[in-house]
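Asker: I'm passing along query_4.txt; it holds compact mmCIF, C-alpha atoms and all ligand atoms.
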# COMPACT_ATOMS: atom_id res chain seq x y z
CA MET A 159 54.54 52.77 98.75
CA GLU A 160 50.77 52.53 98.96
CA SER A 161 48.67 50.54 96.52
CA LEU A 162 45.14 51.33 95.27
CA GLU A 163 44.14 47.64 95.38
CA GLY A 164 41.85 48.31 98.32
CA LEU A 165 40.02 50.94 96.26
CA GLY A 166 39.21 48.44 93.56
CA VAL A 167 41.52 49.85 90.88
CA GLY A 168 43.66 46.78 90.45
CA SER A 169 47.27 46.99 91.46
CA LEU A 170 47.89 50.68 90.65
CA LYS A 171 50.43 52.23 92.97
CA VAL A 172 50.04 55.76 94.34
CA PRO A 173 52.90 57.84 92.91
CA PRO A 174 54.94 60.04 95.22
CA LEU A 175 54.50 63.82 95.47
CA VAL A 176 58.09 64.57 96.48
CA GLY A 177 61.23 62.46 96.46
CA GLY A 178 61.10 60.69 93.11
CA GLY A 179 63.81 62.73 91.41
CA PHE A 180 63.77 63.96 87.82
CA PRO A 181 61.54 61.28 86.20
CA VAL A 182 58.74 61.78 88.74
CA ALA A 183 58.97 65.58 88.55
CA MET A 184 58.89 65.40 84.75
CA LEU A 185 55.81 63.15 84.75
CA GLN A 186 54.02 65.41 87.23
CA LEU A 187 54.71 68.52 85.17
CA CYS A 188 53.84 66.92 81.82
CA SER A 189 50.55 65.62 83.29
CA VAL A 190 49.59 69.02 84.68
CA TYR A 191 50.81 71.05 81.69
CA TYR A 192 49.57 69.07 78.69
CA VAL A 193 46.30 67.83 80.24
CA GLY A 194 45.65 71.30 81.70
CA ALA A 195 46.37 73.12 78.42
CA LEU A 196 44.26 70.65 76.45
CA ALA A 197 41.35 71.09 78.88
CA VAL A 198 41.55 74.91 78.88
CA HIS A 199 41.76 74.88 75.09
CA SER A 200 38.92 72.47 74.37
CA LEU A 201 36.89 71.54 77.46
CA ILE A 202 36.00 75.01 78.80
CA PRO A 203 34.84 76.57 75.48
CA ARG A 204 32.70 73.50 74.81
CA PHE A 205 31.02 73.10 78.18
CA ALA A 206 31.20 76.57 79.74
CA SER A 207 29.57 78.45 76.89
CA PRO A 208 29.47 81.39 76.37
CA VAL A 209 33.15 82.10 76.87
CA THR A 210 34.30 85.58 75.86
CA PRO A 211 37.32 85.98 73.57
CA VAL A 212 39.96 88.45 74.73
CA ALA A 213 41.17 89.27 71.21
CA PRO A 214 38.68 90.73 68.70
CA GLY A 215 37.47 88.06 66.29
CA ALA A 216 39.47 85.35 68.08
CA ARG A 217 36.68 82.77 68.09
CA LYS A 218 34.68 83.76 65.05
CA ALA A 219 34.26 81.14 62.30
CA LYS A 220 37.57 80.90 60.49
CA PRO A 221 38.69 79.48 57.16
CA GLU A 222 40.41 76.09 57.15
CA SER A 223 43.81 77.72 56.43
CA SER A 224 43.53 79.81 59.61
CA ARG A 225 42.53 76.79 61.71
CA ARG A 226 45.50 74.89 60.25
CA THR A 227 47.83 77.76 61.21
CA LYS A 228 46.43 77.62 64.76
CA ARG A 229 46.99 73.85 64.94
CA GLN A 230 50.57 74.35 63.74
CA GLN A 231 51.07 77.04 66.42
CA ILE A 232 49.78 74.66 69.12
CA LEU A 233 52.07 71.88 67.90
CA ARG A 234 55.08 74.24 67.87
CA GLU A 235 54.25 75.54 71.37
CA SER A 236 53.72 72.01 72.71
CA LEU A 237 57.14 70.92 71.45
CA LEU A 238 58.87 74.09 72.66
CA SER A 239 57.37 73.61 76.12
CA ILE A 240 59.26 70.34 76.70
CA GLY A 241 62.56 72.19 77.37
CA PRO A 242 61.14 74.57 80.03
CA ILE A 243 59.24 71.67 81.65
CA ALA A 244 62.55 69.76 81.90
CA VAL A 245 64.15 72.87 83.45
CA LYS A 246 61.34 73.10 86.01
CA ALA A 247 61.70 69.35 86.77
CA ALA A 248 65.44 69.94 87.32
CA VAL A 249 64.57 72.81 89.68
CA PHE A 250 62.26 70.44 91.61
CA CYS A 251 65.20 68.01 91.90
CA ALA A 252 67.47 70.80 93.13
CA VAL A 253 64.87 71.66 95.78
CA GLU A 254 64.72 67.98 96.84
CA LYS A 255 68.52 68.01 97.11
CA ILE A 256 68.52 71.22 99.16
CA HIS A 257 65.96 69.70 101.52
CA GLY A 258 67.82 66.36 101.66
CA LEU A 259 71.05 68.11 102.64
CA GLY A 260 69.24 69.98 105.41
CA LEU A 261 69.83 73.34 103.76
CA GLY A 262 67.17 76.01 103.52
CA LEU A 263 63.97 76.23 105.54
CA LEU A 264 61.85 73.47 104.00
CA TYR A 265 60.55 70.88 106.44
CA ASP A 266 58.63 67.59 106.28
CA GLY A 267 56.51 65.65 108.77
CA ALA A 268 53.46 67.36 110.32
CA LEU A 269 52.27 70.58 108.67
CA GLY A 270 52.81 73.67 110.81
CA PHE A 271 54.76 71.53 113.26
CA GLY A 272 51.57 69.75 114.36
CA THR A 273 49.32 72.76 115.04
CA SER A 274 45.48 72.53 114.93
CA LEU A 275 43.62 72.18 111.62
CA PRO A 276 42.36 75.84 111.46
CA ALA A 277 45.87 77.05 112.27
CA GLN A 278 47.26 74.84 109.49
CA ALA A 279 44.67 76.20 107.02
CA ILE A 280 45.63 79.80 107.91
CA LEU A 281 49.31 78.89 107.60
CA VAL A 282 48.77 77.41 104.12
CA ALA A 283 46.68 80.44 103.00
CA CYS A 284 49.30 82.94 104.28
CA THR A 285 52.11 80.96 102.64
CA VAL A 286 50.27 80.91 99.31
CA LEU A 287 49.59 84.68 99.47
CA LEU A 288 53.24 85.34 100.29
CA LEU A 289 54.42 83.03 97.49
CA ASP A 290 52.07 84.76 95.02
CA ALA A 291 53.44 88.20 96.00
CA LEU A 292 57.06 87.02 95.71
CA HIS A 293 56.46 85.11 92.49
CA ASP A 294 54.72 88.15 90.98
CA THR A 295 57.58 90.46 91.98
CA TRP A 296 60.23 88.09 90.60
CA PHE A 297 58.26 87.62 87.39
CA TYR A 298 57.65 91.35 86.91
CA PHE A 299 61.28 92.47 87.23
CA THR A 300 62.88 89.56 85.35
CA HIS A 301 60.25 89.93 82.62
CA LEU A 302 60.93 93.69 82.44
CA LEU A 303 64.66 92.96 82.21
CA MET A 304 64.08 90.57 79.30
CA HIS A 305 62.27 93.37 77.44
CA ARG A 306 64.60 96.22 78.36
CA ASN A 307 67.79 94.31 77.56
CA ARG A 308 67.88 94.08 73.78
CA TRP A 309 70.16 91.00 73.71
CA LEU A 310 67.92 89.09 76.13
CA TYR A 311 64.83 90.04 74.16
CA LEU A 312 66.21 89.13 70.73
CA ASN A 313 67.93 85.91 71.83
CA VAL A 314 65.73 84.63 74.65
CA HIS A 315 62.33 86.21 75.29
CA TYR A 316 61.41 86.62 71.59
CA LEU A 317 60.48 82.92 71.53
CA HIS A 318 57.54 83.48 73.86
CA HIS A 319 56.42 86.50 71.85
CA GLN A 320 56.27 84.48 68.65
CA SER A 321 52.80 83.65 69.97
CA ARG A 322 51.18 87.00 69.26
CA ASP A 323 47.73 85.49 69.67
CA PRO A 324 48.42 83.07 72.58
CA THR A 325 46.91 79.66 73.23
CA PRO A 326 47.02 77.77 76.57
CA PHE A 327 50.07 75.94 75.16
CA SER A 328 51.92 79.29 75.05
CA GLY A 329 52.22 79.12 78.87
CA TYR A 330 55.59 77.37 78.90
CA SER A 331 56.51 78.02 75.28
CA LEU A 332 59.72 79.70 76.41
CA HIS A 333 63.45 79.64 75.73
CA VAL A 334 65.18 77.33 78.26
CA VAL A 335 67.26 80.30 79.47
CA GLU A 336 64.05 82.18 80.23
CA ALA A 337 62.76 79.07 82.04
CA LEU A 338 65.92 79.05 84.18
CA ILE A 339 65.39 82.72 85.06
CA VAL A 340 61.63 82.43 85.71
CA PHE A 341 61.81 79.22 87.78
CA PHE A 342 64.86 80.22 89.83
CA ASP A 343 62.60 81.88 92.42
CA GLU A 344 61.36 78.38 93.31
CA VAL A 345 64.85 77.77 94.75
CA ILE A 346 65.11 81.22 96.38
CA VAL A 347 61.90 80.77 98.40
CA CYS A 348 63.41 77.67 100.09
CA PHE A 349 65.71 80.04 101.99
CA LEU A 350 63.22 82.81 102.85
CA PHE A 351 60.71 81.30 105.29
CA PRO A 352 59.71 77.85 106.67
CA MET A 353 57.52 75.88 104.28
CA HIS A 354 56.40 72.28 104.13
CA VAL A 355 58.18 70.48 101.30
CA ASN A 356 54.86 69.10 99.99
CA LEU A 357 53.34 72.58 99.90
CA HIS A 358 56.35 73.83 97.92
CA ARG A 359 55.79 71.10 95.30
CA LEU A 360 52.00 71.47 95.14
CA TYR A 361 52.17 75.26 94.84
CA HIS A 362 54.70 75.16 92.03
CA LEU A 363 52.74 72.50 90.17
CA TYR A 364 49.71 74.77 90.52
CA THR A 365 51.56 77.79 89.08
CA THR A 366 51.83 75.71 85.90
CA LEU A 367 48.03 75.93 85.63
CA ILE A 368 48.19 79.68 86.30
CA HIS A 369 50.56 80.11 83.34
CA ILE A 370 48.22 78.02 81.16
CA GLY A 371 45.12 79.96 82.24
CA GLY A 372 46.84 83.30 81.67
CA HIS A 373 47.18 82.35 78.00
CA ALA A 374 43.62 81.07 77.48
CA SER A 375 42.33 82.96 74.47
CA TYR A 376 39.15 83.86 76.38
CA GLU A 377 38.40 85.63 79.64
CA LEU A 378 38.13 83.38 82.73
CA HIS A 379 37.22 86.27 85.06
CA PRO A 380 35.91 86.16 87.78
CA LEU A 381 37.09 82.57 88.15
CA VAL A 382 40.77 83.26 87.60
CA PRO A 383 41.99 80.47 89.89
CA SER A 384 44.12 82.35 92.43
CA LEU A 385 43.55 82.66 96.19
CA GLU A 386 43.46 86.48 95.91
CA GLN A 387 40.70 86.27 93.33
CA LEU A 388 38.76 83.85 95.56
CA LEU A 389 39.02 86.27 98.51
CA TRP A 390 37.94 89.13 96.23
CA ILE A 391 34.84 87.17 95.14
CA VAL A 392 33.91 86.51 98.79
CA PHE A 393 33.92 90.24 99.62
CA HIS A 394 33.13 91.93 96.29
CA GLY A 395 31.41 89.38 94.05
CA ASP A 396 32.23 89.19 90.35
CA ARG A 397 33.29 92.83 89.84
CA VAL A 398 36.73 93.34 88.27
CA ALA A 399 39.44 94.01 90.88
CA LYS A 400 41.78 96.85 89.91
CA GLY A 401 44.70 95.16 91.60
CA LEU A 402 44.35 91.66 90.14
CA ASN A 403 45.32 90.26 86.78
CA THR A 404 42.93 88.80 84.22
CA VAL A 405 43.46 86.79 81.04
CA LEU A 406 42.97 89.97 79.00
CA TYR A 407 45.73 91.66 81.01
CA HIS A 408 48.43 89.25 79.84
CA ASN A 409 46.91 88.91 76.38
CA MET A 410 47.44 92.67 75.99
CA HIS A 411 51.12 92.09 76.80
CA HIS A 412 51.33 89.84 73.74
CA GLN A 413 49.65 92.54 71.62
CA PHE A 414 51.63 95.45 73.17
CA PRO A 415 54.91 93.89 74.38
CA ASN A 416 56.09 96.96 76.33
CA LYS A 417 53.04 96.94 78.62
CA ASN A 418 51.49 94.70 81.32
CA PHE A 419 54.51 92.72 82.58
CA SER A 420 53.04 91.31 85.80
CA LEU A 421 51.54 87.91 86.59
CA TYR A 422 49.09 88.00 89.55
CA PHE A 423 48.78 91.66 90.58
CA THR A 424 48.83 94.99 88.76
CA HIS A 425 50.65 97.14 91.38
CA TRP A 426 54.14 96.88 89.86
CA ASP A 427 52.81 97.88 86.45
CA ARG A 428 50.99 100.83 88.04
CA LEU A 429 53.99 101.94 90.12
CA CYS A 430 56.44 101.62 87.21
CA GLU A 431 53.89 103.06 84.73
CA THR A 432 54.00 100.05 82.44
CA MET A 433 50.27 99.30 82.49
CA LYS A 434 48.43 99.57 79.18
CA TRP A 435 46.22 102.62 79.66
CA ALA A 436 43.36 101.08 77.64
CA TYR A 437 43.14 97.99 79.88
CA PRO A 438 40.47 99.17 82.42
CA ASP A 439 38.06 100.16 79.63
CA GLU A 440 38.80 97.02 77.64
CA ILE A 441 38.12 94.63 80.53
CA GLN A 442 34.83 96.42 81.21
CA ARG A 443 33.93 96.06 77.51
CA ILE A 444 34.63 92.32 77.71
CA LYS A 445 32.55 91.96 80.88
CA LYS A 446 29.71 93.84 79.17
CA GLU A 447 30.00 91.61 76.12
CA GLN A 448 29.90 88.58 78.42
CA SER A 449 26.81 89.76 80.30
CA GLY A 450 25.15 90.52 76.93
CA LYS A 451 25.57 86.86 76.06
CA PHE A 452 23.69 85.86 79.21
CA GLY A 453 20.71 87.82 77.89
CA GLU A 454 17.95 89.72 79.69
CA GLY A 455 15.51 88.19 82.18
CA LYS A 456 16.96 84.70 82.52
CA GLY A 457 20.48 86.17 82.38
CA ARG A 458 21.16 85.62 86.06
CA ARG A 459 20.37 81.93 85.85
CA ARG A 460 22.46 81.54 82.70
CA LYS A 461 25.32 83.36 84.40
CA HIS A 462 25.21 81.04 87.39
CA ARG A 463 25.05 78.02 85.07
CA TYR A 464 28.09 79.37 83.22
CA TYR A 465 30.05 79.84 86.45
CA PHE A 466 29.07 76.36 87.60
CA ALA A 467 30.20 74.85 84.27
CA LEU A 468 33.48 76.79 84.50
CA ILE A 469 34.17 75.48 88.03
CA ALA A 470 33.21 71.94 86.93
CA CYS A 471 35.63 72.16 83.96
CA MET A 472 38.43 73.44 86.22
CA THR A 473 37.79 70.66 88.73
CA ALA A 474 37.75 68.12 85.89
CA THR A 475 41.05 69.55 84.64
CA LEU A 476 42.65 68.95 88.05
CA GLY A 477 41.14 65.46 88.24
CA LEU A 478 42.31 64.55 84.74
CA SER A 479 45.83 65.84 85.49
CA LEU A 480 45.98 63.67 88.61
CA LEU A 481 44.65 60.66 86.70
CA ALA A 482 47.20 61.21 83.91
CA TYR A 483 50.01 61.30 86.50
CA LEU A 484 48.72 58.15 88.23
CA LEU A 485 48.50 56.22 84.97
CA ALA A 486 51.76 57.55 83.49
CA TYR A 487 53.60 56.70 86.70
CA ASN A 488 52.26 53.14 86.72
CA VAL A 489 53.04 52.65 83.01
CA PHE A 490 56.51 54.24 82.85
CA LEU A 491 58.08 54.39 86.32
CA ARG A 492 56.50 51.85 88.57
CA VAL A 493 58.94 49.34 89.99
CA ALA A 494 57.05 46.22 91.06
ZN ZN A 501 52.72 85.14 77.71
ZN ZN A 502 57.12 89.58 77.42
Write out the structure in this file as structure tokens.

Answerer:
Amino acid sequence: MESLEGLGVGSLKVPPLVGGGFPVAMLQLCSVYYVGALAVHSLIPRFASPVTPVAPGARKAKPESSRRTKRQQILRESLLSIGPIAVKAAVFCAVEKIHGLGLGLLYDGALGFGTSLPAQAILVACTVLLLDALHDTWFYFTHLLMHRNRWLYLNVHYLHHQSRDPTPFSGYSLHVVEALIVFFDEVIVCFLFPMHVNLHRLYHLYTTLIHIGGHASYELHPLVPSLEQLLWIVFHGDRVAKGLNTVLYHNMHHQFPNKNFSLYFTHWDRLCETMKWAYPDEIQRIKKEQSGKFGEGKGRRRKHRYYFALIACMTATLGLSLLAYLLAYNVFLRVA
């Protein structure tokens, strides 16, 4: 194992990405989830002002009793999230086992079997797009099932819907049975197409941030951190894409539980007629409210400053998650 001594950070050891079993997977997920949720909850509203709430009155000045209720909700969600995080860590272990036994299509060694750098970048991008599409499909239909089946809703999925006004900590505030259902696709994809084992781990750590961001109580658009959204920005700027999800989209699911079941894209909701009809107007209203906050004249500069601050906060979130994992590993798991 490598040491960071040469980088001047004492004798810290670089923790592994894959291969450390349950304790390593658990530390990775806790670092990403709790640091990420804390950053989305507190860092972004503070430094990327003006953020736009997705629920009316969500960030207006509130009485102490209401703030206390919110703190209690965050504490409850943080505690409830430990079970699903443990389930996801167990799924990571199962994937390590599958790979170790030579089952499935995961591989290690050189990415893309040693192809050139541009070819590797294209391979990673295509894999991520494919994983997003599959993950979205799995999430849509299992989520729909948990609403349509009364037993599953009342005994399993209701726990997530206790958060009617979500916070970033609602992301994995799930019943462990729901976690088993939702994360099972991480095992399925091992058998569908070749994928580097490191990419599998990194992608599924990243989806943790997607679940956190989807429950931010304010709109992150256009910087919803998915590859599809990035491609959309390159070709269409910061207009709202009809086919892509926003924070408001999932927030509406918490307000209207029989609508907006999807995760990344809106096509399944459109095809199955489960999209909240008021969504397109509502997202435009939020965008208008946001641009109103940038003001006239200097609005463009303020907008760019806001986007820059948002990207900086997201980068800091990733950096802090990595740092938390590095430190936690060296404190709790390092074997000298
Ligand atoms: Zn939710
Ligand atoms: Zn639901």

Asker: Each residue of chain A lying at most 8 Å from ligand ZN 501 (chain A) should get a row with its shortest atom-to-atom pair and the distance in Å to one decimal, counting all atoms listed in the file; could you produce that, ordered by chain and increasing number, as a Markdown table?

Answerer:
| residue | atom | partner | partner_atom | distance |
| --- | --- | --- | --- | --- |
| A:His318 | CA | A:ZN501 | ZN | 6.4 |
| A:His319 | CA | A:ZN501 | ZN | 7.1 |
| A:Ser321 | CA | A:ZN501 | ZN | 7.9 |
| A:Pro324 | CA | A:ZN501 | ZN | 7.0 |
| A:Ser328 | CA | A:ZN501 | ZN | 6.5 |
| A:Gly329 | CA | A:ZN501 | ZN | 6.2 |
| A:His369 | CA | A:ZN501 | ZN | 7.9 |
| A:Gly372 | CA | A:ZN501 | ZN | 7.3 |
| A:His373 | CA | A:ZN501 | ZN | 6.2 |
| A:His408 | CA | A:ZN501 | ZN | 6.3 |
| A:Asn409 | CA | A:ZN501 | ZN | 7.1 |
| A:His411 | CA | A:ZN501 | ZN | 7.2 |
| A:His412 | CA | A:ZN501 | ZN | 6.3 |

Asker: Mind listing the residues within 12 Å of ligand ZN 502 (chain A), only C-alpha atoms and all ligand atoms counted, as a tab-separated table (two decimals) with C-alpha atoms, in the coordinates of the input?

Answerer:
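To be explicit, this is the file written out as selection35.tsv:
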chain	number	residue	atom	x	y	z
A	297	PHE	CA	58.26	87.62	87.39
A	298	TYR	CA	57.65	91.35	86.91
A	299	PHE	CA	61.28	92.47	87.23
A	300	THR	CA	62.88	89.56	85.35
A	301	HIS	CA	60.25	89.93	82.62
A	302	LEU	CA	60.93	93.69	82.44
A	303	LEU	CA	64.66	92.96	82.21
A	304	MET	CA	64.08	90.57	79.30
A	305	HIS	CA	62.27	93.37	77.44
A	306	ARG	CA	64.60	96.22	78.36
A	307	ASN	CA	67.79	94.31	77.56
A	310	LEU	CA	67.92	89.09	76.13
A	311	TYR	CA	64.83	90.04	74.16
A	312	LEU	CA	66.21	89.13	70.73
A	314	VAL	CA	65.73	84.63	74.65
A	315	HIS	CA	62.33	86.21	75.29
A	316	TYR	CA	61.41	86.62	71.59
A	317	LEU	CA	60.48	82.92	71.53
A	318	HIS	CA	57.54	83.48	73.86
A	319	HIS	CA	56.42	86.50	71.85
A	320	GLN	CA	56.27	84.48	68.65
A	321	SER	CA	52.80	83.65	69.97
A	322	ARG	CA	51.18	87.00	69.26
A	324	PRO	CA	48.42	83.07	72.58
A	328	SER	CA	51.92	79.29	75.05
A	329	GLY	CA	52.22	79.12	78.87
A	331	SER	CA	56.51	78.02	75.28
A	332	LEU	CA	59.72	79.70	76.41
A	333	HIS	CA	63.45	79.64	75.73
A	336	GLU	CA	64.05	82.18	80.23
A	340	VAL	CA	61.63	82.43	85.71
A	408	HIS	CA	48.43	89.25	79.84
A	409	ASN	CA	46.91	88.91	76.38
A	410	MET	CA	47.44	92.67	75.99
A	411	HIS	CA	51.12	92.09	76.80
A	412	HIS	CA	51.33	89.84	73.74
A	413	GLN	CA	49.65	92.54	71.62
A	414	PHE	CA	51.63	95.45	73.17
A	415	PRO	CA	54.91	93.89	74.38
A	416	ASN	CA	56.09	96.96	76.33
A	417	LYS	CA	53.04	96.94	78.62
A	418	ASN	CA	51.49	94.70	81.32
A	419	PHE	CA	54.51	92.72	82.58
A	420	SER	CA	53.04	91.31	85.80
A	421	LEU	CA	51.54	87.91	86.59

Asker: So how many Å separate CA of Phe327 (chain A) and CA of Tyr191 (chain A), to one decimal?

Answerer: 8.2 Å

Asker: Which one is closest to Ala268 (chain A): A:Gln448, A:Asn356, A:Thr475, A:Thr295? Count only C-alpha atoms.

Answerer: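 That would be A:Asn356, the residue with the smallest distance to Ala268 (chain A).
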
Asker: Just to confirm, what's the straight-line distance from CA of Ala183 (chain A) to CA of Val489 (chain A) in Å (one decimal)?

Answerer: 15.3 Å

Asker: Restricting the calculation to only C-alpha atoms: of A:Val382, A:Ile391, A:Cys251, A:Val405, which residue gets closest to Phe180 (chain A)?

Answerer: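 Between A:Val382, A:Ile391, A:Cys251, A:Val405, the residue approaching Phe180 (chain A) most closely is A:Cys251.
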
Asker: When you count only C-alpha atoms, which of these residues is closest to Pro242 (chain A): A:Leu263, A:Val335, A:Ala206, A:Leu170?

Answerer: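 The closest residue to Pro242 (chain A) is A:Val335.
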
Asker: Within 10 Å of His379 (chain A), counting all atoms listed in the file, which residues qualify if same-chain residues fewer than 6 places away don't, as a PyMOL selection string?

Answerer: chain A and resi 210+387+396-399+403-406+441+444-445+465

Asker: Provide the CA of Lys171 (chain A) to CA of Arg359 (chain A) distance in Å, to one decimal place.

Answerer: 19.8 Å

Asker: Between A:Ala436, A:Val345, A:Leu476, A:Ile368, which residue has the minimum interatomic distance to Leu261 (chain A), considering all atoms listed in the file?

Answerer: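 For Leu261 (chain A), the nearest of the candidates is A:Val345.
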
Asker: Please return, as a PyMOL selection string, all polymer residues that have at least one atom within 12 Å of the point (48.6, 64.1, 89.7); use only C-alpha atoms and the file's own coordinate frame.

Answerer: chain A and resi 172-176+182-191+193-194+359-360+363-364+475-488

Asker: Out of A:Ile339, A:Thr325, A:Gln230, A:Leu201, which residue has the shortest atom-to-atom distance to Val245 (chain A) when counting all atoms listed in the file?

Answerer: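 Using all atoms listed in the file, Val245 (chain A) sits closest to A:Ile339.
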